[in-house]
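K.L.:
Sharing query-v6.tsv below, TSV, C-alpha atoms:
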chain	number	residue	atom	x	y	z
Y	1	MET	CA	11.70	-10.29	-30.82
Y	2	ARG	CA	12.30	-9.46	-27.14
Y	3	LEU	CA	8.67	-10.31	-26.36
Y	4	LEU	CA	8.91	-13.58	-28.27
Y	5	SER	CA	12.17	-14.48	-26.50
Y	6	ILE	CA	10.65	-13.91	-23.06
Y	7	PHE	CA	7.66	-16.08	-23.92
Y	8	VAL	CA	9.83	-18.89	-25.31
Y	9	ILE	CA	12.14	-18.88	-22.27
Y	10	SER	CA	9.19	-18.76	-19.87
Y	11	LEU	CA	7.35	-21.60	-21.57
Y	12	ALA	CA	10.50	-23.71	-21.74
Y	13	TRP	CA	11.17	-23.18	-18.02
Y	14	ILE	CA	7.59	-24.08	-17.17
Y	15	PHE	CA	7.42	-27.24	-19.22
Y	16	ILE	CA	10.84	-28.45	-18.13
Y	17	ALA	CA	9.70	-28.09	-14.54
Y	18	GLY	CA	6.56	-30.08	-15.29
Y	19	ALA	CA	8.17	-32.65	-17.57
Y	20	ALA	CA	8.74	-35.30	-14.90
Y	21	LEU	CA	5.21	-36.71	-14.68
Y	22	SER	CA	4.54	-38.21	-11.29
Y	23	ASP	CA	3.73	-41.86	-10.76
Y	24	ASP	CA	1.63	-43.19	-7.89
Y	25	SER	CA	4.65	-43.78	-5.65
Y	26	TYR	CA	5.81	-40.21	-6.01
Y	27	ILE	CA	2.31	-38.89	-5.28
Y	28	ALA	CA	2.06	-41.06	-2.18
Y	29	GLY	CA	5.37	-39.82	-0.79
Y	30	TYR	CA	4.63	-36.21	-1.57
Y	31	ALA	CA	1.12	-36.36	-0.07
Y	32	THR	CA	2.48	-37.95	3.08
Y	33	GLY	CA	4.99	-35.12	3.44
Y	34	ILE	CA	2.31	-32.43	3.05
Y	35	LEU	CA	0.06	-34.09	5.63
Y	36	LYS	CA	2.89	-34.44	8.11
Y	37	TYR	CA	4.39	-30.97	7.66
Y	38	GLU	CA	1.28	-28.83	7.10
Y	39	PHE	CA	-1.38	-30.68	9.09
Y	40	LYS	CA	0.62	-32.71	11.63
Y	41	ILE	CA	-1.08	-35.89	10.38
Y	42	ASP	CA	0.88	-39.15	10.27
Y	43	ALA	CA	-0.76	-41.27	7.55
Y	44	PRO	CA	1.50	-44.21	6.61
Y	45	SER	CA	-1.52	-46.09	5.24
Y	46	LEU	CA	-2.26	-43.43	2.64
Y	47	THR	CA	-2.70	-45.08	-0.77
Y	48	VAL	CA	-2.62	-43.92	-4.39
Y	49	ARG	CA	-3.95	-45.75	-7.45
Y	50	ASN	CA	-3.97	-44.18	-10.91
Y	51	GLY	CA	-3.59	-40.74	-9.36
Y	52	ASN	CA	-6.42	-41.17	-6.86
Y	53	ILE	CA	-5.37	-40.53	-3.26
Y	54	THR	CA	-7.12	-42.34	-0.44
Y	55	LEU	CA	-6.89	-41.23	3.16
Y	56	PRO	CA	-8.12	-43.34	6.08
Y	57	VAL	CA	-11.11	-41.63	7.70
Y	58	ASP	CA	-9.84	-42.10	11.24
Y	59	LYS	CA	-6.69	-40.07	10.49
Y	60	VAL	CA	-8.37	-36.93	9.19
Y	61	SER	CA	-10.69	-34.55	11.00
Y	62	ALA	CA	-13.75	-33.58	8.99
Y	63	VAL	CA	-12.90	-29.94	9.73
Y	64	ASP	CA	-9.67	-30.27	7.74
Y	65	HIS	CA	-11.17	-31.98	4.68
Y	66	ALA	CA	-11.45	-28.86	2.51
Y	67	LYS	CA	-7.92	-27.65	3.31
Y	68	ILE	CA	-6.43	-31.09	2.70
Y	69	VAL	CA	-8.23	-31.45	-0.61
Y	70	ARG	CA	-6.97	-28.05	-1.73
Y	71	GLU	CA	-3.37	-28.87	-0.91
Y	72	LEU	CA	-3.22	-32.45	-2.16
Y	73	SER	CA	-4.97	-31.58	-5.41
Y	74	ALA	CA	-2.00	-29.32	-6.30
Y	75	ILE	CA	0.34	-32.34	-6.51
Y	76	PRO	CA	1.21	-33.14	-10.15
Y	77	GLY	CA	-0.67	-36.20	-11.39
Y	78	VAL	CA	-3.42	-36.21	-8.74
Y	79	THR	CA	-6.83	-36.91	-10.29
Y	80	GLY	CA	-8.97	-37.46	-7.18
Y	81	ILE	CA	-9.00	-37.55	-3.39
Y	82	ARG	CA	-11.01	-39.99	-1.27
Y	83	PHE	CA	-11.67	-40.35	2.43
Y	84	GLY	CA	-12.55	-43.97	3.18
Y	85	GLU	CA	-11.59	-47.29	4.72
Y	86	LEU	CA	-9.13	-49.75	3.18
Y	87	THR	CA	-10.78	-53.04	2.41
Y	88	VAL	CA	-10.14	-54.62	-1.00
Y	89	GLN	CA	-6.68	-55.96	-1.79
Y	90	GLN	CA	-5.18	-54.46	-4.98
Y	91	PRO	CA	-1.68	-53.33	-6.04
Y	92	VAL	CA	-1.45	-49.63	-5.23
Y	93	ALA	CA	1.21	-47.16	-4.16
Y	94	THR	CA	1.45	-46.18	-0.51
Y	95	SER	CA	3.70	-44.02	1.54
Y	96	THR	CA	5.57	-47.05	2.86
Y	97	THR	CA	5.04	-50.21	0.75
Y	98	PRO	CA	3.93	-50.79	-2.86
Y	99	ASP	CA	1.12	-53.20	-2.01
Y	100	GLU	CA	-1.83	-52.03	0.00
Y	101	ALA	CA	-5.55	-51.98	-0.18
Y	102	ILE	CA	-7.84	-49.99	-2.44
Y	103	PRO	CA	-10.54	-48.01	-0.65
Y	104	ASN	CA	-14.27	-48.00	-0.58
Y	105	GLU	CA	-15.46	-45.05	-2.67
Y	106	ALA	CA	-18.04	-43.90	-0.16
Y	107	GLU	CA	-16.59	-40.40	-0.02
Y	108	HIS	CA	-14.89	-39.20	-3.19
Y	109	VAL	CA	-13.67	-35.68	-3.86
Y	110	PRO	CA	-12.42	-34.84	-7.38
Y	111	ALA	CA	-9.09	-33.08	-7.29
Y	112	THR	CA	-10.29	-29.84	-8.85
Y	113	ASP	CA	-13.76	-29.49	-10.28
Y	114	SER	CA	-15.89	-29.82	-7.16
Y	115	ILE	CA	-13.72	-27.86	-4.71
Y	116	ARG	CA	-15.60	-24.81	-3.46
Y	117	LEU	CA	-14.56	-22.13	-1.00
Y	118	ALA	CA	-16.46	-21.01	2.09
Y	119	THR	CA	-19.54	-18.88	1.40
Y	120	GLY	CA	-21.31	-16.05	3.23
Y	121	LEU	CA	-20.18	-12.69	4.58
Y	122	LEU	CA	-16.45	-11.84	4.70
Y	123	PRO	CA	-15.26	-15.25	3.45
Y	124	SER	CA	-11.61	-16.32	3.33
Y	125	GLY	CA	-9.67	-16.93	0.13
Y	126	HIS	CA	-10.20	-15.60	-3.39
Y	127	LEU	CA	-12.00	-17.07	-6.39
Y	128	PHE	CA	-9.60	-15.25	-8.75
Y	129	LYS	CA	-5.92	-15.68	-7.87
Y	130	PRO	CA	-3.64	-12.60	-7.78
Y	131	LEU	CA	-1.77	-11.69	-10.95
Y	132	LEU	CA	1.82	-12.24	-9.88
Y	133	ALA	CA	3.61	-9.97	-12.38
Y	134	ASP	CA	1.02	-7.19	-12.75
Y	135	PRO	CA	2.74	-4.00	-11.47
Y	136	ARG	CA	-0.64	-2.62	-10.37
Y	137	TRP	CA	-2.23	-5.62	-8.64
Y	138	ALA	CA	-3.18	-4.52	-5.12
Y	139	HIS	CA	-1.06	-6.19	-2.42
Y	140	PHE	CA	1.67	-5.40	0.12
Y	141	SER	CA	5.18	-5.14	-1.32
Y	142	ALA	CA	8.55	-3.42	-1.12
Y	143	ALA	CA	11.08	-3.55	-3.95
Y	144	TYR	CA	14.38	-2.06	-5.08
Y	145	ARG	CA	14.59	-1.11	-8.77
Y	146	ASN	CA	17.61	-0.17	-10.85
Y	147	TYR	CA	16.76	1.65	-14.07
Y	148	VAL	CA	18.68	0.80	-17.23
Y	149	GLY	CA	19.31	3.89	-19.36
Y	150	LYS	CA	16.46	6.40	-19.15
Y	151	ASN	CA	14.75	6.73	-15.78
Y	152	ILE	CA	11.86	8.71	-14.32
Y	153	ASP	CA	13.89	10.22	-11.44
Y	154	GLY	CA	17.22	8.67	-10.49
Y	155	ASN	CA	18.63	5.28	-11.45
Y	156	ASN	CA	17.94	3.72	-8.06
Y	157	ASN	CA	14.32	3.67	-6.90
Y	158	ALA	CA	12.30	2.06	-4.15
Y	159	ALA	CA	8.73	0.99	-4.88
Y	160	VAL	CA	6.20	0.11	-2.19
Y	161	SER	CA	2.55	-0.85	-2.33
Y	162	PHE	CA	-0.19	-1.27	0.25
Y	163	GLY	CA	-3.51	-2.91	-0.54
Y	164	GLU	CA	-5.51	-6.07	-0.92
Y	165	THR	CA	-8.52	-7.70	-2.55
Y	166	LEU	CA	-11.24	-8.10	0.09
Y	167	PRO	CA	-14.27	-10.30	-0.66
Y	168	PHE	CA	-17.41	-9.06	1.13
Y	169	TYR	CA	-19.81	-11.83	0.13
Y	170	ARG	CA	-19.55	-15.19	-1.65
Y	171	ALA	CA	-22.25	-17.65	-2.74
Y	172	ASN	CA	-22.71	-20.76	-4.83
Y	173	LEU	CA	-24.31	-20.39	-8.25
Y	174	GLY	CA	-27.34	-22.67	-8.00
Y	175	GLN	CA	-26.48	-26.36	-7.75
Y	176	SER	CA	-23.47	-26.08	-10.05
Y	177	ILE	CA	-19.81	-26.07	-9.03
Y	178	ALA	CA	-19.60	-22.35	-9.87
Y	179	GLN	CA	-19.25	-19.66	-7.20
Y	180	TRP	CA	-19.36	-15.87	-7.30
Y	181	GLU	CA	-18.26	-13.11	-4.95
Y	182	VAL	CA	-18.28	-9.33	-4.66
Y	183	GLY	CA	-15.86	-7.11	-2.79
Y	184	LEU	CA	-13.45	-4.22	-2.75
Y	185	GLN	CA	-9.96	-4.00	-4.22
Y	186	ALA	CA	-7.80	-1.02	-3.29
Y	187	GLY	CA	-4.12	-0.21	-3.40
Y	188	VAL	CA	-1.57	2.59	-2.98
Y	189	PHE	CA	1.61	2.49	-5.10
Y	190	SER	CA	4.52	4.83	-4.34
Y	191	ASP	CA	7.97	5.31	-5.88
Y	192	PHE	CA	10.97	6.94	-4.16
Y	193	ASN	CA	14.26	8.27	-5.55
Y	194	LEU	CA	17.01	6.60	-3.52
Y	195	ASP	CA	19.64	8.76	-5.22
Y	196	ALA	CA	18.19	11.88	-3.59
Y	197	SER	CA	19.57	12.89	-0.19
Y	198	SER	CA	16.20	12.37	1.53
Y	199	SER	CA	14.91	9.52	-0.72
Y	200	ASP	CA	12.30	11.86	-2.19
Y	201	LEU	CA	8.82	10.70	-3.07
Y	202	ILE	CA	8.41	10.69	-6.85
Y	203	ASN	CA	4.79	9.68	-7.35
Y	204	THR	CA	1.87	7.92	-5.66
Y	205	ASP	CA	-0.98	6.18	-7.46
Y	206	PHE	CA	-4.27	5.48	-5.70
Y	207	ILE	CA	-6.50	2.74	-7.10
Y	208	ALA	CA	-9.87	1.72	-5.65
Y	209	SER	CA	-12.49	-0.54	-7.19
Y	210	ILE	CA	-15.63	-2.55	-6.66
Y	211	TYR	CA	-15.16	-6.00	-8.14
Y	212	SER	CA	-17.03	-9.22	-8.80
Y	213	SER	CA	-15.40	-12.55	-9.56
Y	214	MET	CA	-16.58	-16.02	-10.50
Y	215	ARG	CA	-15.01	-19.46	-10.50
Y	216	ALA	CA	-16.02	-22.85	-11.92
Y	217	GLY	CA	-13.39	-25.55	-11.60
Y	218	ASN	CA	-10.16	-24.27	-13.14
Y	219	ALA	CA	-11.77	-21.31	-14.90
Y	220	SER	CA	-12.19	-17.94	-13.18
Y	221	ALA	CA	-13.09	-14.36	-14.07
Y	222	PHE	CA	-12.52	-10.98	-12.45
Y	223	ALA	CA	-14.42	-7.79	-13.37
Y	224	ARG	CA	-14.21	-4.39	-11.72
Y	225	ILE	CA	-15.16	-0.74	-11.94
Y	226	TYR	CA	-12.27	1.34	-10.66
Y	227	HIS	CA	-10.86	4.81	-10.01
Y	228	GLN	CA	-7.20	5.74	-10.37
Y	229	SER	CA	-5.50	9.04	-9.57
Y	230	SER	CA	-1.83	10.01	-9.63
Y	231	HIS	CA	-0.01	12.52	-7.38
Y	232	LEU	CA	3.58	13.76	-7.67
Y	233	GLY	CA	5.80	14.20	-4.62
Y	234	ASP	CA	6.56	17.73	-3.36
Y	235	GLU	CA	10.36	17.40	-3.54
Y	236	PHE	CA	10.15	15.95	-7.03
Y	237	LEU	CA	7.97	18.86	-8.18
Y	238	LEU	CA	10.46	21.40	-6.79
Y	239	ARG	CA	13.32	19.81	-8.71
Y	240	ALA	CA	11.40	19.20	-11.93
Y	241	LEU	CA	9.29	22.34	-12.03
Y	242	THR	CA	10.92	23.67	-15.18
Y	243	SER	CA	11.35	20.37	-17.05
Y	244	LEU	CA	8.13	18.48	-16.34
Y	245	GLU	CA	4.71	19.04	-17.82
Y	246	ARG	CA	2.51	18.16	-14.86
Y	247	ILE	CA	-0.92	16.74	-15.62
Y	248	ASN	CA	-3.82	16.08	-13.29
Y	249	LEU	CA	-4.10	12.38	-14.09
Y	250	SER	CA	-7.38	10.91	-12.88
Y	251	TYR	CA	-9.83	8.51	-14.47
Y	252	GLU	CA	-12.51	5.86	-13.95
Y	253	GLY	CA	-12.73	2.68	-15.94
Y	254	ALA	CA	-13.87	-0.92	-16.14
Y	255	ASP	CA	-12.05	-4.10	-17.11
Y	256	LEU	CA	-12.45	-7.86	-17.27
Y	257	ARG	CA	-9.91	-10.67	-16.98
Y	258	LEU	CA	-10.43	-14.37	-17.68
Y	259	SER	CA	-8.13	-17.06	-16.30
Y	260	TYR	CA	-7.66	-20.80	-16.75
Y	261	GLU	CA	-5.43	-23.07	-14.68
Y	262	LEU	CA	-3.69	-25.85	-16.58
Y	263	PRO	CA	-2.02	-28.94	-15.06
Y	264	TYR	CA	1.26	-28.72	-13.17
Y	265	GLY	CA	0.80	-25.20	-11.84
Y	266	VAL	CA	0.52	-23.38	-15.18
Y	267	ARG	CA	-2.04	-20.58	-15.53
Y	268	VAL	CA	-2.94	-18.41	-18.51
Y	269	TYR	CA	-5.10	-15.29	-18.48
Y	270	GLY	CA	-6.24	-12.44	-20.68
Y	271	GLY	CA	-8.67	-9.58	-20.86
Y	272	GLY	CA	-9.05	-5.89	-21.46
Y	273	GLY	CA	-10.92	-2.75	-20.57
Y	274	GLY	CA	-11.46	0.94	-21.10
Y	275	ILE	CA	-11.77	4.21	-19.23
Y	276	PHE	CA	-14.98	6.22	-19.46
Y	277	HIS	CA	-14.24	9.35	-17.42
Y	278	LYS	CA	-10.78	10.81	-17.75
Y	279	GLU	CA	-8.56	13.79	-17.12
Y	280	PRO	CA	-6.92	14.85	-19.33
Y	281	SER	CA	-9.65	14.14	-21.87
Y	282	THR	CA	-7.13	13.41	-24.63
Y	283	ILE	CA	-6.12	10.04	-23.12
Y	284	LYS	CA	-7.10	7.16	-25.39
Y	285	PRO	CA	-9.26	4.68	-23.47
Y	286	TRP	CA	-8.63	1.10	-24.52
Y	287	SER	CA	-6.15	-1.51	-23.25
Y	288	VAL	CA	-5.57	-5.26	-23.24
Y	289	GLN	CA	-3.73	-7.49	-20.78
Y	290	TYR	CA	-2.57	-11.10	-20.93
Y	291	GLY	CA	0.00	-13.35	-19.33
Y	292	ILE	CA	1.19	-16.72	-18.12
Y	293	GLU	CA	2.17	-17.92	-14.64
Y	294	PHE	CA	3.79	-20.96	-13.09
Y	295	ARG	CA	3.18	-21.77	-9.43
Y	296	SER	CA	5.13	-24.93	-8.76
Y	297	PRO	CA	3.12	-27.73	-7.16
Y	298	TRP	CA	6.41	-29.03	-5.75
Y	299	ARG	CA	7.69	-27.77	-2.41
Y	300	LEU	CA	10.96	-28.33	-0.59
Y	301	ASP	CA	10.93	-31.10	2.02
Y	302	ILE	CA	12.48	-28.91	4.70
Y	303	ALA	CA	10.17	-25.87	4.32
Y	304	PRO	CA	6.91	-24.84	2.63
Y	305	VAL	CA	8.72	-23.16	-0.27
Y	306	ARG	CA	7.83	-23.33	-3.96
Y	307	PRO	CA	9.30	-21.62	-7.08
Y	308	ILE	CA	7.08	-19.26	-9.08
Y	309	LEU	CA	7.42	-17.47	-12.43
Y	310	ALA	CA	5.12	-15.00	-14.17
Y	311	VAL	CA	4.99	-12.86	-17.30
Y	312	ASP	CA	2.42	-10.05	-17.62
Y	313	ILE	CA	1.93	-7.98	-20.79
Y	314	LYS	CA	-0.22	-4.88	-21.31
Y	315	ASN	CA	-0.92	-2.95	-24.49
Y	316	HIS	CA	-2.44	0.54	-24.27
Y	317	GLU	CA	-4.07	2.38	-27.13
Y	318	GLN	CA	-2.60	5.58	-25.65
Y	319	ASN	CA	0.92	4.25	-26.34
Y	320	ASN	CA	0.22	2.93	-29.85
Y	321	TRP	CA	-0.38	-0.57	-28.47
Y	322	ASN	CA	3.28	-0.99	-27.54
Y	323	ALA	CA	3.88	-3.94	-25.18
Y	324	ASP	CA	4.61	-3.24	-21.51
Y	325	ILE	CA	6.37	-6.42	-20.36
Y	326	SER	CA	6.65	-7.30	-16.67
Y	327	THR	CA	8.33	-10.54	-15.56
Y	328	ARG	CA	8.87	-11.85	-12.04
Y	329	ALA	CA	10.50	-15.03	-10.76
Y	330	GLY	CA	11.48	-16.34	-7.36
Y	331	ILE	CA	10.20	-18.33	-4.42
Y	332	GLN	CA	7.01	-18.37	-2.36
Y	333	PHE	CA	6.62	-19.28	1.30
Y	334	ASP	CA	3.18	-20.65	2.20
Y	335	ASN	CA	1.51	-20.63	5.60
Y	336	PHE	CA	-1.73	-22.53	5.36
Y	337	GLN	CA	-2.42	-22.33	9.07
Y	338	THR	CA	-2.82	-18.51	8.93
Y	339	PHE	CA	-5.51	-17.96	6.32
Y	340	ASN	CA	-3.34	-19.23	3.45
Y	341	ARG	CA	-1.03	-16.21	3.50
Y	342	LYS	CA	1.87	-16.13	1.08
Y	343	LEU	CA	5.24	-14.37	1.21
Y	344	GLN	CA	7.20	-14.07	-2.03
Y	345	PHE	CA	10.74	-12.98	-2.79
Y	346	LEU	CA	10.92	-12.12	-6.49
Y	347	ALA	CA	13.41	-10.78	-8.99
Y	348	GLU	CA	11.70	-8.62	-11.61
Y	349	TYR	CA	12.28	-7.09	-15.03
Y	350	PHE	CA	10.17	-4.45	-16.77
Y	351	ASN	CA	10.36	-2.95	-20.25
Y	352	GLY	CA	7.75	-0.60	-21.68
Y	353	ASN	CA	5.87	2.54	-20.84
Y	354	SER	CA	6.15	3.32	-17.15
Y	355	PRO	CA	3.38	1.94	-14.89
Y	356	THR	CA	3.98	4.96	-12.62
Y	357	GLY	CA	0.96	7.22	-13.15
Y	358	GLN	CA	2.27	10.62	-14.27
Y	359	PHE	CA	4.97	9.00	-16.41
Y	360	PHE	CA	2.77	6.74	-18.55
Y	361	ARG	CA	4.20	8.27	-21.75
Y	362	GLU	CA	7.81	7.54	-20.74
Y	363	LYS	CA	9.63	4.40	-21.93
Y	364	VAL	CA	11.58	2.76	-19.10
Y	365	GLU	CA	13.51	-0.41	-18.39
Y	366	TYR	CA	14.46	-1.67	-14.94
Y	367	LEU	CA	15.64	-4.66	-12.95
Y	368	GLY	CA	14.52	-5.18	-9.38
Y	369	LEU	CA	14.26	-7.36	-6.32
Y	370	GLY	CA	11.35	-7.28	-3.90
Y	371	ALA	CA	9.24	-8.89	-1.21
Y	372	HIS	CA	5.52	-9.41	-1.82
Y	373	TYR	CA	2.87	-10.40	0.71
Y	374	HIS	CA	-0.58	-11.77	-0.16
Y	375	PHE	CA	-3.42	-12.57	2.25
In structure tokens, what does this structure look like?

P.N.:
Amino acid sequence: MRLLSIFVISLAWIFIAGAALSDDSYIAGYATGILKYEFKIDAPSLTVRNGNITLPVDKVSAVDHAKIVRELSAIPGVTGIRFGELTVQQPVATSTTPDEAIPNEAEHVPATDSIRLATGLLPSGHLFKPLLADPRWAHFSAAYRNYVGKNIDGNNNAAVSFGETLPFYRANLGQSIAQWEVGLQAGVFSDFNLDASSSDLINTDFIASIYSSMRAGNASAFARIYHQSSHLGDEFLLRALTSLERINLSYEGADLRLSYELPYGVRVYGGGGGIFHKEPSTIKPWSVQYGIEFRSPWRLDIAPVRPILAVDIKNHEQNNWNADISTRAGIQFDNFQTFNRKLQFLAEYFNGNSPTGQFFREKVEYLGLGAHYHF
């Protein structure tokens, strides 16, 4: 029932946020704001007709085309983006008056399906977007967590992570819109007991993987072969020496996740995997993961800020397929001039078996607040 309630609340929040479908006038005003704030482009002659945005060629540098397409295509209701001259008189929406000209269609860029990222060695961006609520997705973060009821070591914990997903090579798949990339994903996840006099280290998990991802339009996939090991802190071991059964937790595995991005910032994903070399050998190997995310296409006028919400659920055979529920919600600051970096401030809630390595058999529940940074 708790799982069902979280899903219902999340879906309701998402669809309420996307309920106000944008007309051409709204799109025109919003696109003008993005161009002015993010790209320092003043485009009062921008036009929109039936969701198709037209930008005058003389206002936009060819170098910025890909970035502009990526940003404007996130506006609710946008179906296409064109760069052309205004010639034929038709009723359309503009950023200043309702009647302007409709463009030549010499250069037309669909809003989603034909957008492709840079290729070659060490490219920027990612074909598969980060999983916002996954407690073990590699990125930089720092969070405070307050445990409700049973805890792993103290009611007040700090959790930090260091890591990233680094694409080494990206290429187009033939003449299609699909692209693929290979790279490395690695992260370090540590938990500290803030109730201890010296904020003792509880546990650190190390995760490293070789991954490959693919994207075609709004569909994407992420597959990896990974290693994970878990290490308890010295101070924690000294305190818990008589009450804790320490295990040398280390394993290798493989998993696959599939993702699809729906209109108005909604994304769904799912997948699963297994471990093939493990210590202890009694660990059961299989798991599934699925979730839903909302990255608002709307930003505040005064700053590049957007609300986000995510629910991630994992079921492990080892824990009798019980659901580990992780939810996060908050705001995201975007900086598209510095490699599309993102800073998020998120409240979080977790209920299930602990994601902290050595404690995977323990049921925990916590509330938290953290900062998350994605390249």

K.L.:
What separation in Å, quoted to one decimal, exists between atom CA of Y:Asn52 and atom CA of Y:Ala216?

P.N.:
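Pair atom CA of Y:Asn52 / atom CA of Y:Ala216 returns 21.3 Å.
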
K.L.:
Record the distance separating atom CA of Y:Leu256 and atom CA of Y:Ala221, expressed in Å with one decimal.

P.N.:
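Computing the Euclidean distance for atom CA of Y:Leu256 and atom CA of Y:Ala221 yields 7.3 Å.
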
K.L.:
Which protein, DNA or RNA residues are at most 6 Å from (-11.8, 2.3, -21.3) in the file's coordinates when you count all atoms listed in the file, listed as a PyMOL selection string?

P.N.:
chain Y and resi 253+273-276+285-286

K.L.:
Separation of atom CA of Y:Leu369 and atom CA of Y:Asn157, in Å?

P.N.:
11.0 Å

K.L.:
Determine the nearest neighbour of Y:Phe350 from the options Y:His372, Y:Arg70, Y:Arg49, Y:Lys314, counting all atoms listed in the file.

P.N.:
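Of Y:His372, Y:Arg70, Y:Arg49, Y:Lys314, the one nearest Y:Phe350, counting all atoms listed in the file, is Y:Lys314.
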
K.L.:
Which residues of stretch 286-353 of chain Y come within 12 Å of stretch 135-140 of chain Y, and for each one, what is the closest pair of atoms and their distance in Å to one decimal, counting all atoms listed in the file, sorted by chain and residue number, as CSV?

P.N.:
residue,atom,partner,partner_atom,distance
Y:Gln289,CA,Y:Pro135,CA,11.9
Y:Ala310,CA,Y:Pro135,CA,11.6
Y:Val311,CA,Y:Pro135,CA,10.8
Y:Asp312,CA,Y:Pro135,CA,8.6
Y:Ile313,CA,Y:Pro135,CA,10.2
Y:Lys314,CA,Y:Pro135,CA,10.3
Y:Asp324,CA,Y:Pro135,CA,10.2
Y:Ile325,CA,Y:Pro135,CA,9.9
Y:Ser326,CA,Y:Pro135,CA,7.3
Y:Thr327,CA,Y:Pro135,CA,9.5
Y:Arg328,CA,Y:Pro135,CA,10.0
Y:Arg341,CA,Y:His139,CA,11.6
Y:Lys342,CA,Y:Phe140,CA,10.8
Y:Leu343,CA,Y:Phe140,CA,9.7
Y:Gln344,CA,Y:Phe140,CA,10.5
Y:Glu348,CA,Y:Pro135,CA,10.1
Y:Tyr349,CA,Y:Pro135,CA,10.6
Y:Phe350,CA,Y:Pro135,CA,9.1
Y:Asn351,CA,Y:Pro135,CA,11.7
Y:Gly352,CA,Y:Pro135,CA,11.9
Y:Asn353,CA,Y:Pro135,CA,11.8

K.L.:
Kindly indicate which residue among Y:Tyr147, Y:Tyr226, Y:Phe375, Y:Tyr37 lies nearest to Y:Val305, using all atoms listed in the file for the distances.

P.N.:
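The closest residue to Y:Val305 is Y:Tyr37.
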
K.L.:
Please put the answer as AutoDock Vina command-line options: centre and edge lengths, in Å with one decimal, of a box along x, y and z that encloses all listed atoms of stretch 165-176 of chain Y plus 5 Å on each side.

P.N.:
--center_x -17.9 --center_y -17.0 --center_z -4.5 --size_x 28.8 --size_y 28.7 --size_z 21.2

K.L.:
Identify which of the residues Y:Ala254, Y:Leu184, Y:Ala347, Y:Ile68 lies closest to Y:Lys36, counting all atoms listed in the file when measuring atom-to-atom distances.

P.N.:
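So, comparing all the options, the nearest one is Y:Ile68.
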
K.L.:
So which one's closest to Y:Glu245, Y:Arg361, Y:Arg170, Y:Arg116, Y:His316? Using all atoms listed in the file, please.

P.N.:
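Going through Y:Arg361, Y:Arg170, Y:Arg116, Y:His316 one by one, the smallest distance to Y:Glu245 is for Y:Arg361.
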
K.L.:
Looking at only C-alpha atoms, which of Y:Leu238, Y:Ile225, Y:Leu127, Y:Leu55 is the one that sits closest to Y:Tyr260?

P.N.:
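Among the listed residues, Y:Leu127 lies closest to Y:Tyr260.
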
K.L.:
Hey, what's within 6 Å of Y:Pro307 if we count only C-alpha atoms and toss same-chain stuff fewer than 2 positions away? As JSON, numbers by chain, please?

P.N.:
{"Y": [296, 330, 331]}

K.L.:
Restricting the calculation to all atoms listed in the file, which member of Y:Leu249, Y:Leu131, Y:Met214, Y:Ala196 is positioned closest to Y:Val268?

P.N.:
Y:Leu131
